[in-house]
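Asks: You'll find input_12.cif just under this line, and it carries mmCIF, C-alpha atoms.
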```cif
data_structure
#
loop_
_atom_site.label_atom_id
_atom_site.label_comp_id
_atom_site.auth_asym_id
_atom_site.auth_seq_id
_atom_site.Cartn_x
_atom_site.Cartn_y
_atom_site.Cartn_z
CA MET G 1 10.86 -5.19 25.69
CA GLU G 2 8.71 -6.95 28.24
CA THR G 3 5.74 -9.29 28.14
CA SER G 4 3.09 -8.42 30.71
CA THR G 5 0.36 -10.73 31.99
CA VAL G 6 -2.11 -9.17 29.57
CA ASP G 7 0.17 -10.15 26.73
CA ILE G 8 1.25 -6.74 25.56
CA ILE G 9 4.72 -6.78 24.08
CA LYS G 10 6.20 -3.36 24.71
CA VAL G 11 8.81 -2.38 22.16
CA ALA G 12 11.49 0.20 22.90
CA SER G 13 13.69 2.09 20.48
CA ASN G 14 16.64 -0.10 21.48
CA SER G 15 14.73 -3.41 21.25
CA ARG G 16 16.37 -5.86 18.87
CA THR G 17 14.12 -6.58 15.90
CA SER G 18 14.79 -10.33 15.87
CA ALA G 19 14.21 -10.66 19.62
CA VAL G 20 10.89 -8.81 19.39
CA ALA G 21 9.89 -10.87 16.35
CA GLY G 22 10.64 -14.06 18.27
CA ALA G 23 8.54 -12.86 21.20
CA ILE G 24 5.64 -11.94 18.92
CA ALA G 25 5.75 -15.32 17.21
CA GLY G 26 6.05 -17.13 20.54
CA VAL G 27 3.06 -15.40 22.15
CA PHE G 28 1.03 -15.76 18.96
CA ARG G 29 1.64 -19.51 18.77
CA GLU G 30 0.36 -19.89 22.34
CA GLN G 31 -2.53 -17.46 22.30
CA LYS G 32 -3.36 -16.84 18.63
CA GLN G 33 -3.28 -13.12 19.37
CA VAL G 34 -0.66 -10.59 20.46
CA LYS G 35 -0.72 -6.91 21.27
CA VAL G 36 2.44 -4.98 20.40
CA GLN G 37 2.84 -1.50 21.81
CA ALA G 38 5.33 1.26 21.03
CA ILE G 39 5.77 4.93 21.86
CA GLY G 40 7.79 7.22 19.62
CA ALA G 41 9.07 6.91 16.07
CA SER G 42 12.08 4.68 16.77
CA ALA G 43 10.10 2.22 18.85
CA VAL G 44 7.25 2.13 16.32
CA ASN G 45 9.77 1.47 13.55
CA GLN G 46 11.33 -1.39 15.52
CA ALA G 47 7.87 -2.81 16.20
CA VAL G 48 6.87 -2.74 12.52
CA LYS G 49 10.14 -4.38 11.44
CA ALA G 50 9.60 -7.06 14.09
CA LEU G 51 6.04 -7.60 12.86
CA ALA G 52 7.24 -8.07 9.29
CA LEU G 53 9.78 -10.62 10.51
CA ALA G 54 7.30 -12.39 12.82
CA ARG G 55 4.89 -12.70 9.91
CA ASP G 56 7.59 -14.62 8.00
CA TYR G 57 8.22 -16.89 10.99
CA LEU G 58 4.52 -17.60 11.45
CA ASP G 59 3.95 -18.09 7.73
CA LYS G 60 6.22 -21.13 8.00
CA ASP G 61 3.83 -22.49 10.67
CA GLY G 62 0.87 -22.05 8.32
CA TYR G 63 -0.48 -18.83 9.82
CA ASN G 64 -1.41 -15.75 7.82
CA VAL G 65 -1.11 -13.03 10.42
CA ILE G 66 -2.36 -9.50 9.96
CA THR G 67 -1.85 -6.33 11.97
CA ILE G 68 -4.43 -3.83 13.15
CA PRO G 69 -2.84 -0.55 14.28
CA SER G 70 -4.62 1.82 16.65
CA PHE G 71 -3.90 4.67 19.03
CA VAL G 72 -4.05 4.04 22.74
CA ASP G 73 -3.47 6.40 25.66
CA VAL G 74 -1.13 5.04 28.29
CA GLU G 75 0.00 6.54 31.56
CA ILE G 76 3.73 6.56 32.13
CA GLU G 77 5.07 8.05 35.34
CA GLY G 78 1.86 10.01 35.83
CA LYS G 79 1.80 11.45 32.32
CA VAL G 80 -0.60 10.38 29.59
CA ARG G 81 1.11 9.51 26.34
CA THR G 82 -0.24 8.24 23.06
CA ALA G 83 1.10 4.85 22.09
CA ILE G 84 0.67 2.87 18.92
CA ARG G 85 -0.90 -0.49 19.62
CA MET G 86 -0.66 -3.16 16.95
CA LEU G 87 -2.99 -6.09 17.35
CA VAL G 88 -1.74 -9.26 15.66
CA GLU G 89 -4.28 -11.91 14.69
CA ASN G 90 -4.66 -14.68 12.16
CA ARG G 91 -6.50 -13.39 9.10
CA MET L 92 3.72 11.71 -0.31
CA GLU L 93 2.84 10.70 -3.84
CA THR L 94 0.49 8.19 -5.39
CA SER L 95 2.06 6.35 -8.31
CA THR L 96 0.21 4.50 -11.05
CA VAL L 97 0.80 1.23 -9.20
CA ASP L 98 -1.00 2.66 -6.19
CA ILE L 99 1.89 2.84 -3.78
CA ILE L 100 1.48 5.68 -1.31
CA LYS L 101 4.96 6.80 -0.36
CA VAL L 102 5.15 8.34 3.09
CA ALA L 103 7.92 10.72 4.08
CA SER L 104 8.98 11.80 7.54
CA ASN L 105 7.36 15.18 6.95
CA SER L 106 4.10 13.80 5.55
CA ARG L 107 1.05 14.97 7.47
CA THR L 108 -0.70 12.06 9.18
CA SER L 109 -4.21 13.20 8.30
CA ALA L 110 -3.31 13.84 4.66
CA VAL L 111 -1.75 10.38 4.31
CA ALA L 112 -4.74 8.81 6.09
CA GLY L 113 -7.09 10.55 3.66
CA ALA L 114 -5.06 9.28 0.71
CA ILE L 115 -5.05 5.71 2.07
CA ALA L 116 -8.80 5.79 2.63
CA GLY L 117 -9.39 7.33 -0.80
CA VAL L 118 -7.34 4.75 -2.71
CA PHE L 119 -8.82 1.93 -0.62
CA ARG L 120 -12.39 2.97 -1.39
CA GLU L 121 -11.62 2.90 -5.12
CA GLN L 122 -9.45 -0.19 -5.33
CA LYS L 123 -10.10 -2.17 -2.12
CA GLN L 124 -6.35 -2.40 -1.63
CA VAL L 125 -3.51 0.05 -0.99
CA LYS L 126 0.24 -0.28 -0.64
CA VAL L 127 1.87 2.17 1.77
CA GLN L 128 5.65 2.48 1.69
CA ALA L 129 8.08 4.21 4.04
CA ILE L 130 11.83 4.34 4.54
CA GLY L 131 13.32 5.25 7.90
CA ALA L 132 11.91 5.42 11.41
CA SER L 133 10.15 8.79 11.12
CA ALA L 134 8.45 7.90 7.87
CA VAL L 135 7.42 4.46 9.14
CA ASN L 136 5.97 6.11 12.26
CA GLN L 137 3.98 8.58 10.14
CA ALA L 138 2.74 5.72 7.98
CA VAL L 139 1.55 3.66 10.95
CA LYS L 140 -0.24 6.65 12.51
CA ALA L 141 -1.90 7.32 9.16
CA LEU L 142 -2.94 3.66 8.92
CA ALA L 143 -4.53 3.79 12.38
CA LEU L 144 -6.44 6.91 11.36
CA ALA L 145 -7.42 5.51 7.95
CA ARG L 146 -8.77 2.41 9.67
CA ASP L 147 -11.11 4.64 11.67
CA TYR L 148 -12.24 6.49 8.53
CA LEU L 149 -12.90 3.22 6.68
CA ASP L 150 -14.61 1.63 9.67
CA LYS L 151 -17.30 4.29 9.25
CA ASP L 152 -17.78 3.03 5.69
CA GLY L 153 -18.25 -0.53 6.94
CA TYR L 154 -14.77 -1.81 6.12
CA ASN L 155 -12.57 -3.74 8.53
CA VAL L 156 -9.14 -3.04 7.11
CA ILE L 157 -6.00 -4.85 8.15
CA THR L 158 -2.33 -4.22 7.50
CA ILE L 159 0.33 -6.66 6.32
CA PRO L 160 3.83 -5.28 6.84
CA SER L 161 6.80 -6.58 4.86
CA PHE L 162 10.29 -5.59 3.81
CA VAL L 163 10.92 -4.53 0.24
CA ASP L 164 14.13 -3.46 -1.47
CA VAL L 165 13.78 -0.26 -3.46
CA GLU L 166 16.33 1.57 -5.57
CA ILE L 167 16.68 5.27 -4.85
CA GLU L 168 19.21 7.31 -6.79
CA GLY L 169 21.11 4.15 -7.72
CA LYS L 170 21.31 2.80 -4.17
CA VAL L 171 19.30 -0.13 -2.85
CA ARG L 172 17.46 0.64 0.37
CA THR L 173 15.12 -1.45 2.48
CA ALA L 174 11.66 0.02 2.77
CA ILE L 175 8.73 -1.07 4.87
CA ARG L 176 5.72 -1.86 2.71
CA MET L 177 2.34 -2.06 4.37
CA LEU L 178 -0.38 -3.70 2.35
CA VAL L 179 -3.88 -2.59 3.34
CA GLU L 180 -6.79 -4.91 2.59
CA ASN L 181 -10.24 -5.63 3.89
CA ARG L 182 -10.12 -8.48 6.40
#
```
Show me, as structure tokens, the structure contained in the file I just sent.

Replies:
Amino acid sequence: METSTVDIIKVASNSRTSAVAGAIAGVFREQKQVKVQAIGASAVNQAVKALALARDYLDKDGYNVITIPSFVDVEIEGKVRTAIRMLVENR
Amino acid sequence: METSTVDIIKVASNSRTSAVAGAIAGVFREQKQVKVQAIGASAVNQAVKALALARDYLDKDGYNVITIPSFVDVEIEGKVRTAIRMLVENR
């Protein structure tokens, strides 16, 4: 997991759900928007679990966050791969 | 994949993305809400891909659908398992 300057949280298959959820909530509180990106079934699963958890965290702060999933092509080591991007915004 | 009377679309790891997306869009058009449920990384991944695709389908109909992921305990063959439930609503 890493947070880039464009505020994309990249989730890996070995990312810890609670750590990713904390990062999502943290970026959201600052910027009122987060992009979460994952490639592959395990990483996507971790991302969705983290989003469910982050929603609970942010609910306690009075936010009602929603997720908008989309496909996005990313280049990794010269190869184009399809990632799942999940945009998190307040409803 | 099956659609129960309570309108939960259950996604399996071997569900076809486009078929699930079509089912999500179909139920949404009728009821303006759908629950999508998946257990395990592969099934969750299929569900999220289907949601991204369904969003595109429904965008063409003038809807702006969002997803709200949460954890839900379900009983399967006498054992309690944690599923991911994704509620789909218009924004």

Asks: Counting all atoms listed in the file, I want the residues whose atoms come within 10 Å of (7.1, 3.9, 11.1) in the file frame, returned as a ChimeraX atom specification.

Replies: /G:40-49 /L:102-104,128-141,175

Asks: Limited to C-alpha atoms, could you put the picked residues into a file as an mmCIF file, in the coordinates of the input?

Replies:
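The resulting file, out33.cif, is shown below:
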```cif
data_model
loop_
_atom_site.group_PDB
_atom_site.id
_atom_site.type_symbol
_atom_site.label_atom_id
_atom_site.label_comp_id
_atom_site.auth_asym_id
_atom_site.auth_seq_id
_atom_site.Cartn_x
_atom_site.Cartn_y
_atom_site.Cartn_z
ATOM 1 C CA GLY G 40 7.790 7.220 19.620
ATOM 2 C CA ALA G 41 9.070 6.910 16.070
ATOM 3 C CA SER G 42 12.080 4.680 16.770
ATOM 4 C CA ALA G 43 10.100 2.220 18.850
ATOM 5 C CA VAL G 44 7.250 2.130 16.320
ATOM 6 C CA ASN G 45 9.770 1.470 13.550
ATOM 7 C CA GLN G 46 11.330 -1.390 15.520
ATOM 8 C CA ALA G 47 7.870 -2.810 16.200
ATOM 9 C CA VAL G 48 6.870 -2.740 12.520
ATOM 10 C CA LYS G 49 10.140 -4.380 11.440
ATOM 11 C CA VAL L 102 5.150 8.340 3.090
ATOM 12 C CA ALA L 103 7.920 10.720 4.080
ATOM 13 C CA SER L 104 8.980 11.800 7.540
ATOM 14 C CA GLN L 128 5.650 2.480 1.690
ATOM 15 C CA ALA L 129 8.080 4.210 4.040
ATOM 16 C CA ILE L 130 11.830 4.340 4.540
ATOM 17 C CA GLY L 131 13.320 5.250 7.900
ATOM 18 C CA ALA L 132 11.910 5.420 11.410
ATOM 19 C CA SER L 133 10.150 8.790 11.120
ATOM 20 C CA ALA L 134 8.450 7.900 7.870
ATOM 21 C CA VAL L 135 7.420 4.460 9.140
ATOM 22 C CA ASN L 136 5.970 6.110 12.260
ATOM 23 C CA GLN L 137 3.980 8.580 10.140
ATOM 24 C CA ALA L 138 2.740 5.720 7.980
ATOM 25 C CA VAL L 139 1.550 3.660 10.950
ATOM 26 C CA LYS L 140 -0.240 6.650 12.510
ATOM 27 C CA ALA L 141 -1.900 7.320 9.160
ATOM 28 C CA ILE L 175 8.730 -1.070 4.870
#
```

Asks: Atom CA of L:Ser106 and atom CA of L:Lys126 are how many Å apart?

Replies: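 These two atoms are separated by 15.9 Å.
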
Asks: Residues near L:Asp98, anyone? I mean within 12 Å using all atoms listed in the file, not counting same-chain ones fewer than 3 positions away, as a PyMOL selection string.

Replies: chain L and resi 92-95+101+114-115+117-119+121-128+178-179

Asks: Pull C-alpha atoms from the residues just selected and write them as a compact mmCIF listing (two decimals), in the frame of the given file.

Replies:
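again_37.txt, written as the output of this step:
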```txt
# COMPACT_ATOMS: atom_id res chain seq x y z
CA MET L 92 3.72 11.71 -0.31
CA GLU L 93 2.84 10.70 -3.84
CA THR L 94 0.49 8.19 -5.39
CA SER L 95 2.06 6.35 -8.31
CA LYS L 101 4.96 6.80 -0.36
CA ALA L 114 -5.06 9.28 0.71
CA ILE L 115 -5.05 5.71 2.07
CA GLY L 117 -9.39 7.33 -0.80
CA VAL L 118 -7.34 4.75 -2.71
CA PHE L 119 -8.82 1.93 -0.62
CA GLU L 121 -11.62 2.90 -5.12
CA GLN L 122 -9.45 -0.19 -5.33
CA LYS L 123 -10.10 -2.17 -2.12
CA GLN L 124 -6.35 -2.40 -1.63
CA VAL L 125 -3.51 0.05 -0.99
CA LYS L 126 0.24 -0.28 -0.64
CA VAL L 127 1.87 2.17 1.77
CA GLN L 128 5.65 2.48 1.69
CA LEU L 178 -0.38 -3.70 2.35
CA VAL L 179 -3.88 -2.59 3.34
```

Asks: Which of these, G:Arg29, G:Arg16, G:Ile9, G:Ala52, has the shortest distance to L:Arg176 once you count all atoms listed in the file?

Replies: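 The answer is G:Ala52, which sits nearest to L:Arg176.
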
Asks: Rotate and translate chain L onto chain G via least squares on all in-order Cα pairs, then write the result as a compact mmCIF listing (two decimals) with C-alpha atoms, keeping the file's coordinate frame.

Replies:
```txt
# COMPACT_ATOMS: atom_id res chain seq x y z
CA MET L 92 10.83 -5.22 25.74
CA GLU L 93 8.68 -6.97 28.30
CA THR L 94 5.71 -9.30 28.16
CA SER L 95 3.07 -8.43 30.74
CA THR L 96 0.35 -10.74 32.02
CA VAL L 97 -2.10 -9.16 29.58
CA ASP L 98 0.18 -10.16 26.72
CA ILE L 99 1.25 -6.73 25.57
CA ILE L 100 4.73 -6.78 24.08
CA LYS L 101 6.22 -3.37 24.72
CA VAL L 102 8.82 -2.37 22.15
CA ALA L 103 11.49 0.20 22.90
CA SER L 104 13.69 2.08 20.47
CA ASN L 105 16.63 -0.10 21.48
CA SER L 106 14.75 -3.40 21.25
CA ARG L 107 16.37 -5.87 18.87
CA THR L 108 14.13 -6.59 15.89
CA SER L 109 14.78 -10.33 15.86
CA ALA L 110 14.22 -10.66 19.61
CA VAL L 111 10.90 -8.81 19.40
CA ALA L 112 9.89 -10.87 16.35
CA GLY L 113 10.65 -14.06 18.27
CA ALA L 114 8.55 -12.85 21.20
CA ILE L 115 5.63 -11.93 18.91
CA ALA L 116 5.75 -15.31 17.20
CA GLY L 117 6.05 -17.12 20.53
CA VAL L 118 3.06 -15.39 22.14
CA PHE L 119 1.04 -15.76 18.94
CA ARG L 120 1.64 -19.50 18.76
CA GLU L 121 0.37 -19.89 22.33
CA GLN L 122 -2.54 -17.47 22.31
CA LYS L 123 -3.37 -16.84 18.63
CA GLN L 124 -3.29 -13.12 19.36
CA VAL L 125 -0.66 -10.59 20.46
CA LYS L 126 -0.72 -6.91 21.28
CA VAL L 127 2.45 -4.99 20.40
CA GLN L 128 2.85 -1.49 21.81
CA ALA L 129 5.35 1.26 21.03
CA ILE L 130 5.77 4.93 21.86
CA GLY L 131 7.79 7.21 19.62
CA ALA L 132 9.06 6.91 16.06
CA SER L 133 12.08 4.69 16.75
CA ALA L 134 10.10 2.24 18.83
CA VAL L 135 7.24 2.13 16.32
CA ASN L 136 9.77 1.47 13.55
CA GLN L 137 11.33 -1.40 15.53
CA ALA L 138 7.88 -2.81 16.20
CA VAL L 139 6.87 -2.75 12.53
CA LYS L 140 10.14 -4.39 11.44
CA ALA L 141 9.61 -7.06 14.09
CA LEU L 142 6.04 -7.59 12.86
CA ALA L 143 7.24 -8.07 9.28
CA LEU L 144 9.78 -10.62 10.50
CA ALA L 145 7.30 -12.37 12.81
CA ARG L 146 4.89 -12.69 9.89
CA ASP L 147 7.57 -14.61 8.00
CA TYR L 148 8.24 -16.88 10.99
CA LEU L 149 4.52 -17.60 11.45
CA ASP L 150 3.94 -18.09 7.73
CA LYS L 151 6.21 -21.13 8.02
CA ASP L 152 3.83 -22.47 10.67
CA GLY L 153 0.87 -22.04 8.32
CA TYR L 154 -0.48 -18.82 9.82
CA ASN L 155 -1.42 -15.75 7.81
CA VAL L 156 -1.11 -13.04 10.42
CA ILE L 157 -2.36 -9.51 9.98
CA THR L 158 -1.84 -6.33 11.97
CA ILE L 159 -4.44 -3.83 13.17
CA PRO L 160 -2.84 -0.57 14.27
CA SER L 161 -4.61 1.83 16.63
CA PHE L 162 -3.89 4.66 19.02
CA VAL L 163 -4.05 4.03 22.74
CA ASP L 164 -3.49 6.40 25.65
CA VAL L 165 -1.14 5.02 28.28
CA GLU L 166 -0.01 6.53 31.56
CA ILE L 167 3.73 6.55 32.14
CA GLU L 168 5.10 8.07 35.33
CA GLY L 169 1.88 10.03 35.84
CA LYS L 170 1.79 11.47 32.32
CA VAL L 171 -0.61 10.39 29.59
CA ARG L 172 1.11 9.51 26.34
CA THR L 173 -0.25 8.23 23.05
CA ALA L 174 1.11 4.85 22.09
CA ILE L 175 0.66 2.87 18.92
CA ARG L 176 -0.90 -0.51 19.62
CA MET L 177 -0.67 -3.17 16.96
CA LEU L 178 -2.98 -6.11 17.37
CA VAL L 179 -1.74 -9.27 15.67
CA GLU L 180 -4.28 -11.91 14.68
CA ASN L 181 -4.65 -14.67 12.16
CA ARG L 182 -6.51 -13.40 9.10
```

Asks: If you measure from atom CA of L:Arg146 to atom CA of L:Ala116, what distance in Å do you get, rounded to one decimal?

Replies: 7.8 Å

Asks: Find the residues near L:Arg172: any atom within 12 Å, counting all atoms listed in the file, skip ones fewer than 4 places away on the same chain, and give them as an mmCIF file with C-alpha atoms, in the coordinates of the input.

Replies:
```cif
data_model
loop_
_atom_site.group_PDB
_atom_site.id
_atom_site.type_symbol
_atom_site.label_atom_id
_atom_site.label_comp_id
_atom_site.auth_asym_id
_atom_site.auth_seq_id
_atom_site.Cartn_x
_atom_site.Cartn_y
_atom_site.Cartn_z
ATOM 1 C CA ALA L 129 8.080 4.210 4.040
ATOM 2 C CA ILE L 130 11.830 4.340 4.540
ATOM 3 C CA GLY L 131 13.320 5.250 7.900
ATOM 4 C CA PHE L 162 10.290 -5.590 3.810
ATOM 5 C CA VAL L 163 10.920 -4.530 0.240
ATOM 6 C CA ASP L 164 14.130 -3.460 -1.470
ATOM 7 C CA VAL L 165 13.780 -0.260 -3.460
ATOM 8 C CA GLU L 166 16.330 1.570 -5.570
ATOM 9 C CA ILE L 167 16.680 5.270 -4.850
ATOM 10 C CA GLU L 168 19.210 7.310 -6.790
#
```

Asks: In Å, rounded to a single decimal, give me how far atom CA of G:Ile66 is from atom CA of L:Ile159.

Replies: 5.3 Å

Asks: Kindly indicate which residue among L:Ala145, L:Gly169, L:Ser109, L:Asp152 lies nearest to chain G, using only C-alpha atoms for the distances.

Replies: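 Among the listed residues, the smallest separation from chain G belongs to L:Ala145.
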